[in-house]
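See below for target03.pdb, which holds PDB, C-alpha atoms.
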ATOM      1  CA  MET A  55      22.990 -20.511  79.990
ATOM      2  CA  SER A  56      23.542 -20.267  76.270
ATOM      3  CA  GLY A  57      24.692 -17.147  74.460
ATOM      4  CA  ASN A  58      27.169 -14.512  75.489
ATOM      5  CA  LEU A  59      26.415 -12.121  78.327
ATOM      6  CA  ILE A  60      25.260  -9.353  75.979
ATOM      7  CA  GLU A  61      22.814 -11.637  74.177
ATOM      8  CA  VAL A  62      21.416 -12.870  77.488
ATOM      9  CA  LEU A  63      20.885  -9.329  78.760
ATOM     10  CA  MET A  64      19.465  -7.986  75.505
ATOM     11  CA  SER A  65      17.083 -10.913  75.148
ATOM     12  CA  GLY A  66      15.852 -10.310  78.662
ATOM     13  CA  MET A  67      15.374  -6.600  78.017
ATOM     14  CA  ALA A  68      13.559  -7.325  74.770
ATOM     15  CA  LYS A  69      10.978  -9.328  76.727
ATOM     16  CA  ASN A  70      10.013  -6.137  78.584
ATOM     17  CA  PRO A  71       7.848  -4.116  76.166
ATOM     18  CA  GLY A  72       8.775  -0.477  75.981
ATOM     19  CA  VAL A  73      12.286  -0.703  77.460
ATOM     20  CA  LEU A  74      13.986   0.870  74.464
ATOM     21  CA  GLU A  75      11.371   3.609  74.244
ATOM     22  CA  ALA A  76      11.680   4.294  77.973
ATOM     23  CA  MET A  77      15.446   4.634  77.688
ATOM     24  CA  ALA A  78      15.060   6.943  74.715
ATOM     25  CA  ARG A  79      12.580   9.151  76.594
ATOM     26  CA  GLN A  80      14.867   9.339  79.610
ATOM     27  CA  ILE A  81      17.765  10.678  77.552
ATOM     28  CA  GLY A  82      15.670  12.742  75.111
ATOM     29  CA  ALA A  83      16.606  10.776  71.993
ATOM     30  CA  GLN A  84      15.017   8.700  69.246
ATOM     31  CA  PRO A  85      14.714   4.927  69.831
ATOM     32  CA  ALA A  86      16.909   4.221  66.772
ATOM     33  CA  GLN A  87      19.693   6.429  68.139
ATOM     34  CA  THR A  88      19.369   4.789  71.535
ATOM     35  CA  GLU A  89      19.504   1.294  70.079
ATOM     36  CA  ASN A  90      22.577   2.209  68.055
ATOM     37  CA  ALA A  91      24.311   3.575  71.141
ATOM     38  CA  LEU A  92      23.435   0.438  73.121
ATOM     39  CA  GLY A  93      25.107  -1.664  70.453
ATOM     40  CA  SER A  94      28.366   0.127  71.240
ATOM     41  CA  ILE A  95      27.923   0.561  74.993
ATOM     42  CA  LEU A  96      27.335  -3.102  75.791
ATOM     43  CA  PRO A  97      30.542  -4.497  74.245
ATOM     44  CA  ILE A  98      32.488  -1.583  75.751
ATOM     45  CA  LEU A  99      31.231  -2.431  79.234
ATOM     46  CA  LEU A 100      31.801  -6.136  78.604
ATOM     47  CA  GLY A 101      35.329  -5.362  77.431
ATOM     48  CA  GLY A 102      35.992  -3.230  80.492
ATOM     49  CA  LEU A 103      34.750  -5.925  82.866
ATOM     50  CA  SER A 104      36.745  -8.610  81.074
ATOM     51  CA  LYS A 105      39.869  -6.450  81.197
ATOM     52  CA  ASN A 106      39.395  -5.751  84.904
ATOM     53  CA  THR A 107      38.926  -9.416  85.795
ATOM     54  CA  ALA A 108      42.035 -10.545  83.913
ATOM     55  CA  SER A 109      43.878 -10.308  87.247
ATOM     56  CA  PRO A 110      42.920 -12.401  90.298
ATOM     57  CA  GLN A 111      42.541  -9.215  92.331
ATOM     58  CA  GLY A 112      40.131  -7.711  89.810
ATOM     59  CA  ALA A 113      38.095 -10.907  89.606
ATOM     60  CA  ALA A 114      37.880 -11.083  93.402
ATOM     61  CA  ALA A 115      36.736  -7.457  93.581
ATOM     62  CA  LEU A 116      33.972  -8.083  91.044
ATOM     63  CA  ASN A 117      32.898 -11.252  92.824
ATOM     64  CA  SER A 118      32.629  -9.327  96.094
ATOM     65  CA  ALA A 119      30.648  -6.494  94.461
ATOM     66  CA  LEU A 120      28.179  -8.944  92.940
ATOM     67  CA  GLU A 121      27.682 -10.777  96.226
ATOM     68  CA  LYS A 122      27.102  -7.518  98.063
ATOM     69  CA  ASP A 123      25.036  -5.418  95.681
ATOM     70  CA  HIS A 124      24.061  -7.157  92.424
ATOM     71  CA  ASP A 125      22.028 -10.345  92.721
ATOM     72  CA  GLY A 126      20.005  -9.700  89.565
ATOM     73  CA  GLY A 127      16.883  -8.632  91.423
ATOM     74  CA  LEU A 128      16.494  -5.392  89.473
ATOM     75  CA  LEU A 129      15.999  -7.448  86.306
ATOM     76  CA  GLN A 130      12.589  -8.397  87.725
ATOM     77  CA  ASP A 131      11.438  -4.801  87.292
ATOM     78  CA  VAL A 132      13.514  -3.194  84.554
ATOM     79  CA  MET A 133      10.946  -0.497  83.863
ATOM     80  CA  GLY A 134      10.768   0.441  87.523
ATOM     81  CA  PHE A 135      14.548   0.707  87.672
ATOM     82  CA  LEU A 136      14.677   2.872  84.565
ATOM     83  CA  GLY A 137      12.224   5.288  86.139
ATOM     84  CA  ASN A 138      14.722   5.970  88.924
ATOM     85  CA  ALA A 139      18.014   5.106  87.238
ATOM     86  CA  SER A 140      19.643   8.436  88.106
ATOM     87  CA  GLN A 141      19.506   7.425  91.775
ATOM     88  CA  GLY A 142      20.974   3.994  91.069
ATOM     89  CA  PRO A 143      24.517   2.630  91.273
ATOM     90  CA  GLY A 144      25.405   3.316  87.625
ATOM     91  CA  ALA A 145      27.960   6.084  88.208
ATOM     92  CA  GLY A 146      29.856   4.037  90.779
ATOM     93  CA  ILE A 147      29.932   0.970  88.525
ATOM     94  CA  LEU A 148      31.234   3.018  85.608
ATOM     95  CA  LYS A 149      34.010   4.453  87.762
ATOM     96  CA  HIS A 150      35.265   0.939  88.431
ATOM     97  CA  VAL A 151      34.711  -0.429  84.922
ATOM     98  CA  LEU A 152      35.850   2.523  82.789
ATOM     99  CA  GLY A 153      37.907   4.615  85.201
ATOM    100  CA  GLY A 154      39.196   7.756  83.539
ATOM    101  CA  ARG A 155      38.066   6.567  80.104
ATOM    102  CA  ARG A 156      34.395   7.380  80.656
ATOM    103  CA  ALA A 157      34.610  10.746  78.881
ATOM    104  CA  ASN A 158      36.317   9.124  75.874
ATOM    105  CA  VAL A 159      33.585   6.495  75.718
ATOM    106  CA  GLU A 160      30.791   9.065  75.961
ATOM    107  CA  GLN A 161      32.319  11.178  73.198
ATOM    108  CA  ALA A 162      33.021   8.295  70.818
ATOM    109  CA  VAL A 163      29.661   6.583  71.288
ATOM    110  CA  GLY A 164      27.833   9.905  71.071
ATOM    111  CA  GLN A 165      29.449  10.879  67.805
ATOM    112  CA  GLY A 166      28.822   7.431  66.370
ATOM    113  CA  ALA A 167      25.130   7.390  67.358
ATOM    114  CA  GLY A 168      24.333  11.070  66.873
ATOM    115  CA  LEU A 169      23.902  11.785  70.597
ATOM    116  CA  GLN A 170      25.365  14.297  73.007
ATOM    117  CA  SER A 171      27.962  13.029  75.475
ATOM    118  CA  GLY A 172      25.587  13.764  78.352
ATOM    119  CA  GLN A 173      22.892  11.596  76.779
ATOM    120  CA  VAL A 174      25.364   8.733  76.422
ATOM    121  CA  GLY A 175      26.377   9.235  80.045
ATOM    122  CA  GLN A 176      22.760   8.825  81.146
ATOM    123  CA  LEU A 177      22.444   5.686  79.037
ATOM    124  CA  LEU A 178      25.655   4.267  80.477
ATOM    125  CA  GLU A 179      24.295   4.765  83.992
ATOM    126  CA  MET A 180      21.139   2.867  83.036
ATOM    127  CA  VAL A 181      22.869  -0.018  81.306
ATOM    128  CA  ALA A 182      25.765  -0.664  83.704
ATOM    129  CA  PRO A 183      23.528  -1.830  86.602
ATOM    130  CA  LEU A 184      21.509  -3.999  84.210
ATOM    131  CA  LEU A 185      24.672  -5.688  82.967
ATOM    132  CA  MET A 186      25.906  -6.185  86.524
ATOM    133  CA  GLY A 187      22.501  -7.566  87.454
ATOM    134  CA  SER A 188      22.653 -10.018  84.566
ATOM    135  CA  LEU A 189      26.132 -11.079  85.642
ATOM    136  CA  GLY A 190      24.999 -11.435  89.250
ATOM    137  CA  LYS A 191      22.054 -13.556  88.168
ATOM    138  CA  GLN A 192      24.329 -15.920  86.284
ATOM    139  CA  LYS A 193      26.732 -16.038  89.230
ATOM    140  CA  ARG A 194      23.884 -17.109  91.490
ATOM    141  CA  GLU A 195      22.325 -19.578  89.064
ATOM    142  CA  GLN A 196      25.618 -21.193  88.034
ATOM    143  CA  GLY A 197      27.369 -20.983  91.416
ATOM    144  CA  LEU A 198      30.284 -19.011  89.971
ATOM    145  CA  ASP A 199      33.246 -17.912  92.052
ATOM    146  CA  ALA A 200      35.770 -15.211  91.092
ATOM    147  CA  GLY A 201      37.513 -17.487  88.620
ATOM    148  CA  GLY A 202      34.228 -18.564  87.096
ATOM    149  CA  LEU A 203      33.177 -14.958  86.598
ATOM    150  CA  ALA A 204      36.462 -14.145  84.886
ATOM    151  CA  SER A 205      35.995 -17.149  82.591
ATOM    152  CA  LEU A 206      32.401 -16.178  81.790
ATOM    153  CA  LEU A 207      33.411 -12.639  80.878
ATOM    154  CA  SER A 208      36.360 -13.814  78.812
ATOM    155  CA  GLN A 209      34.218 -16.352  76.955
ATOM    156  CA  SER A 210      31.508 -13.753  76.316
ATOM    157  CA  ALA A 211      34.076 -11.342  74.896
ATOM    158  CA  GLN A 212      35.478 -14.107  72.685
ATOM    159  CA  GLN A 213      31.998 -14.993  71.445
ATOM    160  CA  VAL A 214      31.333 -11.370  70.520
ATOM    161  CA  GLN A 215      34.670 -11.253  68.734
ATOM    162  CA  GLN A 216      33.823 -14.392  66.773
ATOM    163  CA  LYS A 217      30.433 -12.985  65.788
ATOM    164  CA  GLU A 218      31.776  -9.518  64.871
ATOM    165  CA  PRO A 219      35.578  -9.738  64.538
ATOM    166  CA  LYS A 220      36.072  -5.964  64.521
ATOM    167  CA  THR A 221      34.025  -5.312  67.619
ATOM    168  CA  MET A 222      36.285  -6.204  70.524
ATOM    169  CA  GLY A 223      39.310  -4.827  68.672
ATOM    170  CA  LEU A 224      37.590  -1.452  68.474
ATOM    171  CA  VAL A 225      36.595  -1.708  72.106
ATOM    172  CA  GLY A 226      40.191  -2.412  73.056
ATOM    173  CA  LYS A 227      41.384   0.620  71.136
ATOM    174  CA  LEU A 228      38.842   2.830  72.838
ATOM    175  CA  LEU A 229      39.553   1.529  76.339
ATOM    176  CA  ASP A 230      43.306   1.805  75.876
ATOM    177  CA  ARG A 231      43.669   4.918  73.788
ATOM    178  CA  ASP A 232      45.334   8.047  75.085
ATOM    179  CA  GLY A 233      45.299  10.062  71.889
ATOM    180  CA  ASP A 234      42.658  11.308  69.508
ATOM    181  CA  GLY A 235      42.345   8.313  67.212
ATOM    182  CA  ARG A 236      38.956   8.365  65.538
ATOM    183  CA  ILE A 237      36.938   5.167  65.704
ATOM    184  CA  ASN A 238      33.498   6.790  65.896
ATOM    185  CA  ASP A 239      32.329   5.754  62.431
ATOM    186  CA  ASP A 240      33.364   2.183  63.129
ATOM    187  CA  LEU A 241      31.499   2.255  66.447
ATOM    188  CA  ALA A 242      28.329   3.398  64.702
ATOM    189  CA  SER A 243      28.300   0.497  62.253
ATOM    190  CA  MET A 244      29.396  -1.934  64.956
ATOM    191  CA  GLY A 245      26.433  -1.089  67.151
ATOM    192  CA  MET A 246      23.660  -2.033  64.783
ATOM    193  CA  GLN A 247      25.410  -5.170  63.534
ATOM    194  CA  LEU A 248      25.935  -6.491  67.038
ATOM    195  CA  LEU A 249      22.389  -6.041  68.297
ATOM    196  CA  GLY A 250      20.885  -7.593  65.192
ATOM    197  CA  GLY A 251      17.482  -6.023  65.793
ATOM    198  CA  LEU A 252      16.822  -7.649  69.159
ATOM    199  CA  PHE A 253      14.450  -4.834  70.089
ATOM    200  CA  LYS A 254      12.449  -5.082  66.870
ATOM    201  CA  ARG A 255       8.860  -6.138  67.336
ATOM    202  CA  ARG A 256       7.950  -9.432  65.727
TER
END
Any chance you could give the structure as structure tokens?
Amino acid sequence: MSGNLIEVLMSGMAKNPGVLEAMARQIGAQPAQTENALGSILPILLGGLSKNTASPQGAAALNSALEKDHDGGLLQDVMGFLGNASQGPGAGILKHVLGGRRANVEQAVGQGAGLQSGQVGQLLEMVAPLLMGSLGKQKREQGLDAGGLASLLSQSAQQVQQKEPKTMGLVGKLLDRDGDGRINDDLASMGMQLLGGLFKRR
């Protein structure tokens, strides 16, 4: 399947009319703010998954999780999932992908997109299962094992970095940082550049 994992997921979401608006309604925000936040959230989650699967143990854990719980089926009814996202697996996925960095991510993305941390948290819990579903779908369609998943995630991260050289560097800083370094303004500009208007109506 061509394109990096983010492009594949976003293209699929864009084919479902009203997805962006539904997300915005769920978190009580404007569609433009929501789209901006998504442009930061997706590479952050991709970076977290890629980082976690850099070790054989992490790749095996992800492979097992996909086989057990994420076959991509929810992508068949994205709107239905969004209507009940708070009851979904988002919080558990984020615990594994972001660990103790979730609060940092919510704060940085929120400040960059003009949202409250709680709104970003809701959006994260919507997007994480969709990304896992997209990854599970590719695992099934391409017959990927743990090593194949790690390679797919690494290649996707590299493709994002080639398209927007600053993006994955900023993601790395956010996922690794312990201090109060400010990258919020950079995240805001990164978000819109990365998405490239995929949700815009033609």
Hey, what comes out of the PyMOL selection byres ((chain A and resi 190) around 7) on this file? Could you write it as a PDB file with C-alpha atoms, in the frame of the given file?
ATOM      1  CA  LEU A 120      28.179  -8.944  92.940  1.00  0.00           C
ATOM      2  CA  HIS A 124      24.061  -7.157  92.424  1.00  0.00           C
ATOM      3  CA  ASP A 125      22.028 -10.345  92.721  1.00  0.00           C
ATOM      4  CA  GLY A 126      20.005  -9.700  89.565  1.00  0.00           C
ATOM      5  CA  MET A 186      25.906  -6.185  86.524  1.00  0.00           C
ATOM      6  CA  GLY A 187      22.501  -7.566  87.454  1.00  0.00           C
ATOM      7  CA  SER A 188      22.653 -10.018  84.566  1.00  0.00           C
ATOM      8  CA  LEU A 189      26.132 -11.079  85.642  1.00  0.00           C
ATOM      9  CA  LYS A 191      22.054 -13.556  88.168  1.00  0.00           C
ATOM     10  CA  GLN A 192      24.329 -15.920  86.284  1.00  0.00           C
ATOM     11  CA  LYS A 193      26.732 -16.038  89.230  1.00  0.00           C
ATOM     12  CA  ARG A 194      23.884 -17.109  91.490  1.00  0.00           C
TER      13      ARG A 194
END
*asked:* I'd like the neighbourhood of Leu152 of chain A as a list in words, where a residue qualifies if any of its atoms comes within 12 Å (using all atoms listed in the file), though same-chain residues fewer than 4 positions away should be ignored.
replied: Ile95, Ile98, Leu99, Leu100, Gly101, Gly102, Leu103, Ser104, Lys105, Asn106, Gly144, Ala145, Gly146, Ile147, Leu148, Arg156, Ala157, Asn158, Val159, Glu160, Gly175, Leu178, Glu179, Ala182, Val225, Gly226, Leu228, Leu229 and Asp230 of chain A
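With distances taken over all atoms listed in the file, A:Ile60 is the one residue among A:Leu128, A:Ile60, A:Gln176, A:Asn70 lying closest to Gly93 of chain A.
Taking only C-alpha atoms into account, Leu206 of chain A lies nearest to A:Leu59 out of the set A:Pro143, A:Leu59, A:Glu218, A:Ala167.
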_Two-atom distance - atom CA of Val62 of chain A, atom CA of Gly172 of chain A (Å)_ = 27.0 Å
*Using the chain letters and numbering of this document, enumerate as a PyMOL selection string the residues selected by the PyMOL selection byres ((chain A and resi 169) around 12).*
chain A and resi 78+81-92+160-168+170-177+238+242
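Put simply, atom CA of Ala119 of chain A is 14.2 Å away from atom CA of Gly201 of chain A.
Candidate residues A:Pro183, A:Gly197, A:Gly153, A:Gly137 were compared for distance to Arg79 of chain A, and the nearest is A:Gly137, using only C-alpha atoms.
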*Would you kindly return, as a list in words, each protein, DNA or RNA residue with an atom no farther than 8 Å from any atom of Ala76 of chain A, considering all atoms listed in the file and excluding same-chain residues fewer than 3 positions away?*
Gly72, Val73, Arg79, Gln80, Met133 and Leu136 of chain A
*Work out how far apart atom CA of Ser205 of chain A and atom CA of Asn58 of chain A are and give it in Å to one decimal.*
11.6 Å
*asked:* Once the PyMOL selection byres ((chain A and resi 115) around 12) has been evaluated on this model, what residues remain selected, and can you format them as a PyMOL selection string?
replied: chain A and resi 103+106-114+116-122+147+150-151+199-201+203-204
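Taking only C-alpha atoms into account, Gly127 of chain A lies nearest to A:Leu184 out of the set A:Ser94, A:Pro71, A:Leu184, A:Gln212.
Proximity ranking of A:Leu74, A:Met64, A:Leu198, A:Val132 relative to Pro97 of chain A places A:Met64 first, based on all atoms listed in the file.
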